[in-house]
2 protein chains.
Amino acid sequence: MVVNTRERVRQAAVKLFAAKGFHGTGIRDLAQEAELSSASLYHYMGTKEDLLVAIMNESLRRLLDAAERATAGLADPVSRLGSLVALHVLAHAIQPDDTRVVDNEVHALTPGARAEVVGLRDAYERLWADAIEDGVAAGVFHTDQPSVTRLALVEMCSGVARWYSPSGPLTLDQLAAHYAELALRALACEGRLDVSALQNCREVVSGVWRVPV
Amino acid sequence: MVVNTRERVRQAAVKLFAAKGFHGTGIRDLAQEAELSSASLYHYMGTKEDLLVAIMNESLRRLLDAAERATAGLADPVSRLGSLVALHVLAHAIQPDDTRVVDNEVHALTPGARAEVVGLRDAYERLWADAIEDGVAAGVFHTDQPSVTRLALVEMCSGVARWYSPSGPLTLDQLAAHYAELALRALACEGRLDVSALQNCREVVSGVWRVPV
DNA sequence: CCGACCCTATCGATCGATCGATCGGTCGTC
DNA sequence: GACGACCGATCGATCGATCGATAGGGTCGG
């Protein structure tokens, strides 16, 4: 066992589910990508859907965990929202396949599993909603539809997973800073994300996903 | 033939492809939704993929056509971009299933058909890029990464298809105006979308999709 | 040190179900 | 009687999943 086989199966699934969709990926495709027979696959996973559920739950838990860490102890709504934006963008840029599966394959889940995933998603968006509402109450953000604005901003940031390439002209830092600026301007906020908050996000991402940023 | 059967098949496909994905929708699901036998389906479509290709091409052509009409004759970059945002949001709000198929099922296309769809998409985004670049050149927009900003704004607006409900608290007008405001603020623009431009978008949408707005 | 016994990892073969698609019709209408 | 609309039956292919088998490495008592 050169590398952990269970992890190899997971990575194969993430790659193929992201590229071809859950229903577009066959057991035999999965086996080929993981360099295993289709029968051996079942030694490491339950059903194909169990594998999808595990991927979604794990990815969402990581994102939620990272978001809580990145904003822990931050009182200022501008820093909180800026950090959420930066973290979301960084996560989507370094893990595009995982996030695309989470964002696009919810319809493939059976109701029970879907409820769990949606619950995690709601908890995550609650962090955004709180930061925005606090900022509006404090007079640093201005929007007459906080919920709509939140949906718009989250969606804007998620799009990064569809196009960002590390070999392109932008560094991760520039990308995150640019999106934070777009978000804060959309909220008619005069403050900007300070460098230390961005640095903190980078460290959280680096820790949670165990990759250099 | 109470209503056009070919159109009924198309609508069934749009509904199911949006809800369950192309690969998640079977020929028999399609037949049941269209109230036809699976054999009769083939009297109105080619293959299942032909149906998907037709839906995508038609939807994108309509969107492109509508965008060109909505901005025709507008010289001011602020009005042009504001109109593009408003039109995009309106289209996604009134035709969420069509747009979700276009946005999420590109991976299900074979290379030839994909190239055609991507070409249409590029032509559409060119309109956005021109408006943004003209605004930057004129000094009314401010962004040091026009391409990134364009991607962010388009994605933000597309998200509307995922959540908007006409039975919610927002009217279509309020929705479009809110998104136009978010976009222009993100571009650090001091101008706002004027009412007549929004009115014009409403008329274009009403004409192209033949629905009251 | 030895065989008996397991446990993990892996596979070829194959299951019943379902897939997209096609065939040879029947029906009503003009 | 020709034609458009439609369908029951069925095709070969592929689907997700399971079977029994095997090879290799640990762990025993003797």
# chains A, B, ... in the order shown; residues from 1 in each chain; ligands from 1
>>> select_by_dssp(residues="range 68-205 of chain B", states="alpha helix (DSSP H)", output="MDAnalysis selection string")
chainID B and resid 68:71 77:94 96:104 111:138 146:158 160:163 172:186 195:205
>>> write_last_selection(atoms="C-alpha atoms", output="compact mmCIF listing (two decimals), in the first residue's frame")
# COMPACT_ATOMS: atom_id res chain seq x y z
CA GLU B 68 -28.12 42.85 -27.10
CA ARG B 69 -31.59 44.36 -27.27
CA ALA B 70 -31.41 45.71 -23.74
CA THR B 71 -28.11 47.50 -24.35
CA PRO B 77 -21.16 52.19 -19.49
CA VAL B 78 -23.11 52.58 -16.26
CA SER B 79 -26.43 52.11 -18.05
CA ARG B 80 -25.03 49.25 -20.12
CA LEU B 81 -23.69 47.26 -17.20
CA GLY B 82 -26.68 48.07 -15.04
CA SER B 83 -28.96 46.83 -17.79
CA LEU B 84 -26.94 43.64 -18.23
CA VAL B 85 -27.18 42.94 -14.51
CA ALA B 86 -30.89 43.67 -14.35
CA LEU B 87 -31.63 41.59 -17.43
CA HIS B 88 -29.53 38.67 -16.23
CA VAL B 89 -31.22 38.70 -12.85
CA LEU B 90 -34.71 38.93 -14.35
CA ALA B 91 -33.99 36.09 -16.76
CA HIS B 92 -32.68 33.87 -13.98
CA ALA B 93 -35.62 34.72 -11.75
CA ILE B 94 -38.34 33.93 -14.25
CA PRO B 96 -34.68 29.31 -13.10
CA ASP B 97 -34.88 25.80 -14.55
CA ASP B 98 -33.59 26.77 -17.98
CA THR B 99 -30.68 28.69 -16.57
CA ARG B 100 -29.77 25.98 -14.09
CA VAL B 101 -29.55 23.48 -16.91
CA VAL B 102 -27.34 25.85 -18.89
CA ASP B 103 -25.11 26.56 -15.89
CA ASN B 104 -24.81 23.08 -14.42
CA PRO B 111 -17.07 18.03 -27.10
CA GLY B 112 -18.69 19.27 -30.31
CA ALA B 113 -21.86 20.50 -28.69
CA ARG B 114 -19.92 21.86 -25.75
CA ALA B 115 -17.84 24.06 -28.04
CA GLU B 116 -20.97 25.60 -29.51
CA VAL B 117 -22.47 26.30 -26.10
CA VAL B 118 -19.22 27.73 -24.77
CA GLY B 119 -19.02 29.96 -27.85
CA LEU B 120 -22.43 31.44 -27.12
CA ARG B 121 -21.49 31.90 -23.50
CA ASP B 122 -18.31 33.70 -24.50
CA ALA B 123 -20.22 36.04 -26.79
CA TYR B 124 -22.58 36.84 -23.94
CA GLU B 125 -19.80 37.52 -21.45
CA ARG B 126 -18.09 39.71 -24.05
CA LEU B 127 -20.96 42.17 -23.60
CA TRP B 128 -20.21 42.33 -19.88
CA ALA B 129 -16.47 42.64 -20.47
CA ASP B 130 -16.93 45.52 -22.92
CA ALA B 131 -19.20 47.43 -20.58
CA ILE B 132 -16.80 47.02 -17.67
CA GLU B 133 -13.70 47.90 -19.68
CA ASP B 134 -15.38 50.96 -21.18
CA GLY B 135 -16.42 52.08 -17.72
CA VAL B 136 -12.90 51.67 -16.38
CA ALA B 137 -11.49 53.59 -19.34
CA ALA B 138 -14.03 56.35 -18.77
CA PRO B 146 -11.67 43.72 -14.77
CA SER B 147 -11.85 40.07 -15.84
CA VAL B 148 -12.00 38.75 -12.31
CA THR B 149 -14.59 41.33 -11.39
CA ARG B 150 -16.70 40.36 -14.39
CA LEU B 151 -16.61 36.68 -13.42
CA ALA B 152 -17.54 37.56 -9.86
CA LEU B 153 -20.49 39.71 -10.89
CA VAL B 154 -21.89 37.25 -13.42
CA GLU B 155 -21.69 34.44 -10.90
CA MET B 156 -23.35 36.59 -8.26
CA CYS B 157 -26.29 37.28 -10.56
CA SER B 158 -26.62 33.69 -11.71
CA VAL B 160 -30.60 34.11 -8.23
CA ALA B 161 -31.84 31.01 -10.07
CA ARG B 162 -31.00 28.91 -7.01
CA TRP B 163 -33.23 30.66 -4.53
CA LEU B 172 -38.84 41.26 -9.71
CA ASP B 173 -38.22 44.98 -9.95
CA GLN B 174 -36.84 45.22 -6.45
CA LEU B 175 -34.66 42.19 -7.07
CA ALA B 176 -33.17 43.54 -10.27
CA ALA B 177 -32.64 46.99 -8.79
CA HIS B 178 -30.94 45.53 -5.72
CA TYR B 179 -28.49 43.48 -7.77
CA ALA B 180 -27.74 46.41 -10.05
CA GLU B 181 -26.92 48.45 -6.98
CA LEU B 182 -24.65 45.72 -5.58
CA ALA B 183 -22.81 45.43 -8.88
CA LEU B 184 -22.30 49.15 -9.38
CA ARG B 185 -21.14 49.59 -5.81
CA ALA B 186 -18.68 46.71 -6.23
CA VAL B 195 -35.57 53.84 -13.76
CA SER B 196 -36.03 54.08 -17.51
CA ALA B 197 -33.24 51.57 -18.16
CA LEU B 198 -34.84 49.12 -15.74
CA GLN B 199 -38.18 49.69 -17.44
CA ASN B 200 -36.52 48.95 -20.77
CA CYS B 201 -35.11 45.66 -19.41
CA ARG B 202 -38.53 44.65 -18.21
CA GLU B 203 -39.96 45.20 -21.67
CA VAL B 204 -37.18 43.27 -23.35
CA VAL B 205 -37.63 40.33 -20.98
>>> interface_residues(of="chain D", to="chain A", cutoff="9 Å", atoms="only C-alpha atoms (C1' of nucleotides)", output="number ranges by chain")
D: 15-18
>>> closest_atom_pairs(of="chain A", to="chain C", cutoff="12 Å", atoms="only C-alpha atoms (C1' of nucleotides)", output="CSV")
residue,atom,partner,partner_atom,distance
A:Met1,CA,C:DA9,C1',9.5
A:Thr5,CA,C:DA9,C1',10.1
A:Arg6,CA,C:DA9,C1',11.6
A:Glu35,CA,C:DT10,C1',11.4
A:Leu36,CA,C:DT10,C1',8.3
A:Ser37,CA,C:DC11,C1',6.7
A:Ser38,CA,C:DC11,C1',8.9
A:Ala39,CA,C:DC11,C1',7.2
A:Ser40,CA,C:DT10,C1',6.1
A:Leu41,CA,C:DT10,C1',9.7
A:Tyr42,CA,C:DT10,C1',10.9
A:His43,CA,C:DA9,C1',8.3
A:Tyr44,CA,C:DA9,C1',10.2
>>> write_last_selection(atoms="C-alpha atoms", output="PDB file, in the first residue's frame")
ATOM      1  CA  MET A   1       0.000   0.000   0.000  1.00  0.00           C
ATOM      2  CA  THR A   5      -6.059   3.280  -0.562  1.00  0.00           C
ATOM      3  CA  ARG A   6      -9.166   4.611   1.140  1.00  0.00           C
ATOM      4  CA  GLU A  35      -6.545   1.831  -9.861  1.00  0.00           C
ATOM      5  CA  LEU A  36      -8.664  -0.892  -8.322  1.00  0.00           C
ATOM      6  CA  SER A  37     -11.193  -3.404  -9.567  1.00  0.00           C
ATOM      7  CA  SER A  38     -14.803  -2.367  -9.188  1.00  0.00           C
ATOM      8  CA  ALA A  39     -15.267  -5.174  -6.673  1.00  0.00           C
ATOM      9  CA  SER A  40     -12.408  -3.948  -4.481  1.00  0.00           C
ATOM     10  CA  LEU A  41     -13.994  -0.523  -4.341  1.00  0.00           C
ATOM     11  CA  TYR A  42     -16.650  -1.930  -2.056  1.00  0.00           C
ATOM     12  CA  HIS A  43     -14.016  -2.902   0.477  1.00  0.00           C
ATOM     13  CA  TYR A  44     -13.464   0.809   1.134  1.00  0.00           C
TER      14      TYR A  44
END
>>> decode(residues="range 36-171 of chain B", atoms="C-alpha atoms", output="mmCIF file, in the first residue's frame")
data_model
loop_
_atom_site.group_PDB
_atom_site.id
_atom_site.type_symbol
_atom_site.label_atom_id
_atom_site.label_comp_id
_atom_site.auth_asym_id
_atom_site.auth_seq_id
_atom_site.Cartn_x
_atom_site.Cartn_y
_atom_site.Cartn_z
ATOM 1 C CA LEU B 36 -46.197 10.149 -23.269
ATOM 2 C CA SER B 37 -44.751 6.682 -23.725
ATOM 3 C CA SER B 38 -40.980 6.526 -23.902
ATOM 4 C CA ALA B 39 -41.257 5.389 -27.520
ATOM 5 C CA SER B 40 -43.359 8.419 -28.474
ATOM 6 C CA LEU B 41 -40.718 10.692 -27.041
ATOM 7 C CA TYR B 42 -38.535 9.833 -30.009
ATOM 8 C CA HIS B 43 -41.156 11.167 -32.358
ATOM 9 C CA TYR B 44 -40.371 14.649 -31.044
ATOM 10 C CA MET B 45 -36.706 14.606 -30.176
ATOM 11 C CA GLY B 46 -33.535 13.063 -31.516
ATOM 12 C CA THR B 47 -31.442 11.466 -28.829
ATOM 13 C CA LYS B 48 -31.584 12.537 -25.211
ATOM 14 C CA GLU B 49 -28.465 14.574 -25.743
ATOM 15 C CA ASP B 50 -29.944 16.303 -28.793
ATOM 16 C CA LEU B 51 -32.685 17.474 -26.498
ATOM 17 C CA LEU B 52 -30.187 18.851 -23.995
ATOM 18 C CA VAL B 53 -28.220 20.591 -26.728
ATOM 19 C CA ALA B 54 -31.373 22.170 -28.137
ATOM 20 C CA ILE B 55 -32.406 23.441 -24.724
ATOM 21 C CA MET B 56 -29.010 24.935 -23.993
ATOM 22 C CA ASN B 57 -28.606 26.566 -27.357
ATOM 23 C CA GLU B 58 -32.069 28.025 -27.326
ATOM 24 C CA SER B 59 -31.756 29.369 -23.795
ATOM 25 C CA LEU B 60 -28.384 30.926 -24.444
ATOM 26 C CA ARG B 61 -29.465 32.430 -27.743
ATOM 27 C CA ARG B 62 -32.435 34.022 -26.054
ATOM 28 C CA LEU B 63 -30.295 35.439 -23.291
ATOM 29 C CA LEU B 64 -27.755 36.795 -25.763
ATOM 30 C CA ASP B 65 -30.486 38.253 -27.926
ATOM 31 C CA ALA B 66 -32.153 39.871 -24.941
ATOM 32 C CA ALA B 67 -28.874 41.325 -23.709
ATOM 33 C CA GLU B 68 -28.122 42.846 -27.105
ATOM 34 C CA ARG B 69 -31.585 44.358 -27.274
ATOM 35 C CA ALA B 70 -31.411 45.711 -23.743
ATOM 36 C CA THR B 71 -28.113 47.495 -24.349
ATOM 37 C CA ALA B 72 -28.610 48.504 -27.970
ATOM 38 C CA GLY B 73 -28.037 52.204 -28.333
ATOM 39 C CA LEU B 74 -26.808 52.702 -24.804
ATOM 40 C CA ALA B 75 -23.528 54.588 -24.812
ATOM 41 C CA ASP B 76 -23.084 55.104 -21.087
ATOM 42 C CA PRO B 77 -21.156 52.187 -19.487
ATOM 43 C CA VAL B 78 -23.113 52.575 -16.263
ATOM 44 C CA SER B 79 -26.428 52.108 -18.048
ATOM 45 C CA ARG B 80 -25.025 49.248 -20.124
ATOM 46 C CA LEU B 81 -23.688 47.258 -17.199
ATOM 47 C CA GLY B 82 -26.685 48.065 -15.040
ATOM 48 C CA SER B 83 -28.964 46.830 -17.788
ATOM 49 C CA LEU B 84 -26.940 43.642 -18.231
ATOM 50 C CA VAL B 85 -27.182 42.939 -14.507
ATOM 51 C CA ALA B 86 -30.890 43.666 -14.352
ATOM 52 C CA LEU B 87 -31.627 41.593 -17.430
ATOM 53 C CA HIS B 88 -29.527 38.674 -16.228
ATOM 54 C CA VAL B 89 -31.221 38.697 -12.851
ATOM 55 C CA LEU B 90 -34.707 38.929 -14.347
ATOM 56 C CA ALA B 91 -33.989 36.086 -16.759
ATOM 57 C CA HIS B 92 -32.680 33.870 -13.982
ATOM 58 C CA ALA B 93 -35.619 34.721 -11.745
ATOM 59 C CA ILE B 94 -38.345 33.933 -14.251
ATOM 60 C CA GLN B 95 -36.610 30.970 -15.923
ATOM 61 C CA PRO B 96 -34.683 29.306 -13.095
ATOM 62 C CA ASP B 97 -34.884 25.803 -14.548
ATOM 63 C CA ASP B 98 -33.593 26.768 -17.979
ATOM 64 C CA THR B 99 -30.681 28.695 -16.572
ATOM 65 C CA ARG B 100 -29.772 25.982 -14.089
ATOM 66 C CA VAL B 101 -29.551 23.483 -16.912
ATOM 67 C CA VAL B 102 -27.344 25.846 -18.888
ATOM 68 C CA ASP B 103 -25.110 26.563 -15.895
ATOM 69 C CA ASN B 104 -24.808 23.080 -14.417
ATOM 70 C CA GLU B 105 -25.011 20.552 -17.229
ATOM 71 C CA VAL B 106 -22.253 21.668 -19.553
ATOM 72 C CA HIS B 107 -20.214 18.684 -18.400
ATOM 73 C CA ALA B 108 -22.807 16.339 -19.864
ATOM 74 C CA LEU B 109 -22.214 17.595 -23.401
ATOM 75 C CA THR B 110 -19.987 15.850 -25.923
ATOM 76 C CA PRO B 111 -17.066 18.028 -27.096
ATOM 77 C CA GLY B 112 -18.685 19.273 -30.306
ATOM 78 C CA ALA B 113 -21.862 20.504 -28.693
ATOM 79 C CA ARG B 114 -19.922 21.862 -25.753
ATOM 80 C CA ALA B 115 -17.838 24.056 -28.044
ATOM 81 C CA GLU B 116 -20.969 25.600 -29.509
ATOM 82 C CA VAL B 117 -22.466 26.304 -26.100
ATOM 83 C CA VAL B 118 -19.216 27.735 -24.774
ATOM 84 C CA GLY B 119 -19.024 29.962 -27.850
ATOM 85 C CA LEU B 120 -22.428 31.440 -27.121
ATOM 86 C CA ARG B 121 -21.491 31.896 -23.502
ATOM 87 C CA ASP B 122 -18.308 33.704 -24.496
ATOM 88 C CA ALA B 123 -20.224 36.036 -26.792
ATOM 89 C CA TYR B 124 -22.579 36.845 -23.938
ATOM 90 C CA GLU B 125 -19.799 37.524 -21.453
ATOM 91 C CA ARG B 126 -18.095 39.707 -24.050
ATOM 92 C CA LEU B 127 -20.957 42.175 -23.601
ATOM 93 C CA TRP B 128 -20.210 42.330 -19.884
ATOM 94 C CA ALA B 129 -16.472 42.639 -20.465
ATOM 95 C CA ASP B 130 -16.927 45.519 -22.918
ATOM 96 C CA ALA B 131 -19.198 47.429 -20.580
ATOM 97 C CA ILE B 132 -16.804 47.021 -17.666
ATOM 98 C CA GLU B 133 -13.701 47.905 -19.681
ATOM 99 C CA ASP B 134 -15.377 50.956 -21.184
ATOM 100 C CA GLY B 135 -16.420 52.082 -17.717
ATOM 101 C CA VAL B 136 -12.897 51.668 -16.381
ATOM 102 C CA ALA B 137 -11.491 53.591 -19.335
ATOM 103 C CA ALA B 138 -14.026 56.345 -18.767
ATOM 104 C CA GLY B 139 -13.121 56.522 -15.097
ATOM 105 C CA VAL B 140 -16.609 55.678 -13.821
ATOM 106 C CA PHE B 141 -15.699 52.116 -12.729
ATOM 107 C CA HIS B 142 -12.684 51.254 -10.609
ATOM 108 C CA THR B 143 -11.166 47.782 -10.530
ATOM 109 C CA ASP B 144 -7.630 46.593 -11.129
ATOM 110 C CA GLN B 145 -8.797 43.153 -12.324
ATOM 111 C CA PRO B 146 -11.674 43.718 -14.771
ATOM 112 C CA SER B 147 -11.853 40.071 -15.836
ATOM 113 C CA VAL B 148 -11.998 38.755 -12.308
ATOM 114 C CA THR B 149 -14.587 41.334 -11.386
ATOM 115 C CA ARG B 150 -16.697 40.359 -14.388
ATOM 116 C CA LEU B 151 -16.612 36.683 -13.421
ATOM 117 C CA ALA B 152 -17.537 37.559 -9.861
ATOM 118 C CA LEU B 153 -20.490 39.710 -10.894
ATOM 119 C CA VAL B 154 -21.892 37.247 -13.422
ATOM 120 C CA GLU B 155 -21.690 34.441 -10.896
ATOM 121 C CA MET B 156 -23.349 36.593 -8.263
ATOM 122 C CA CYS B 157 -26.286 37.283 -10.557
ATOM 123 C CA SER B 158 -26.623 33.687 -11.712
ATOM 124 C CA GLY B 159 -27.131 32.581 -8.132
ATOM 125 C CA VAL B 160 -30.597 34.113 -8.235
ATOM 126 C CA ALA B 161 -31.844 31.011 -10.072
ATOM 127 C CA ARG B 162 -30.998 28.913 -7.013
ATOM 128 C CA TRP B 163 -33.225 30.662 -4.529
ATOM 129 C CA TYR B 164 -35.593 33.309 -5.901
ATOM 130 C CA SER B 165 -39.286 32.666 -5.498
ATOM 131 C CA PRO B 166 -41.982 34.971 -6.875
ATOM 132 C CA SER B 167 -44.008 34.268 -3.738
ATOM 133 C CA GLY B 168 -41.233 35.726 -1.580
ATOM 134 C CA PRO B 169 -41.116 39.296 -0.259
ATOM 135 C CA LEU B 170 -39.281 40.762 -3.272
ATOM 136 C CA THR B 171 -40.829 41.818 -6.538
#
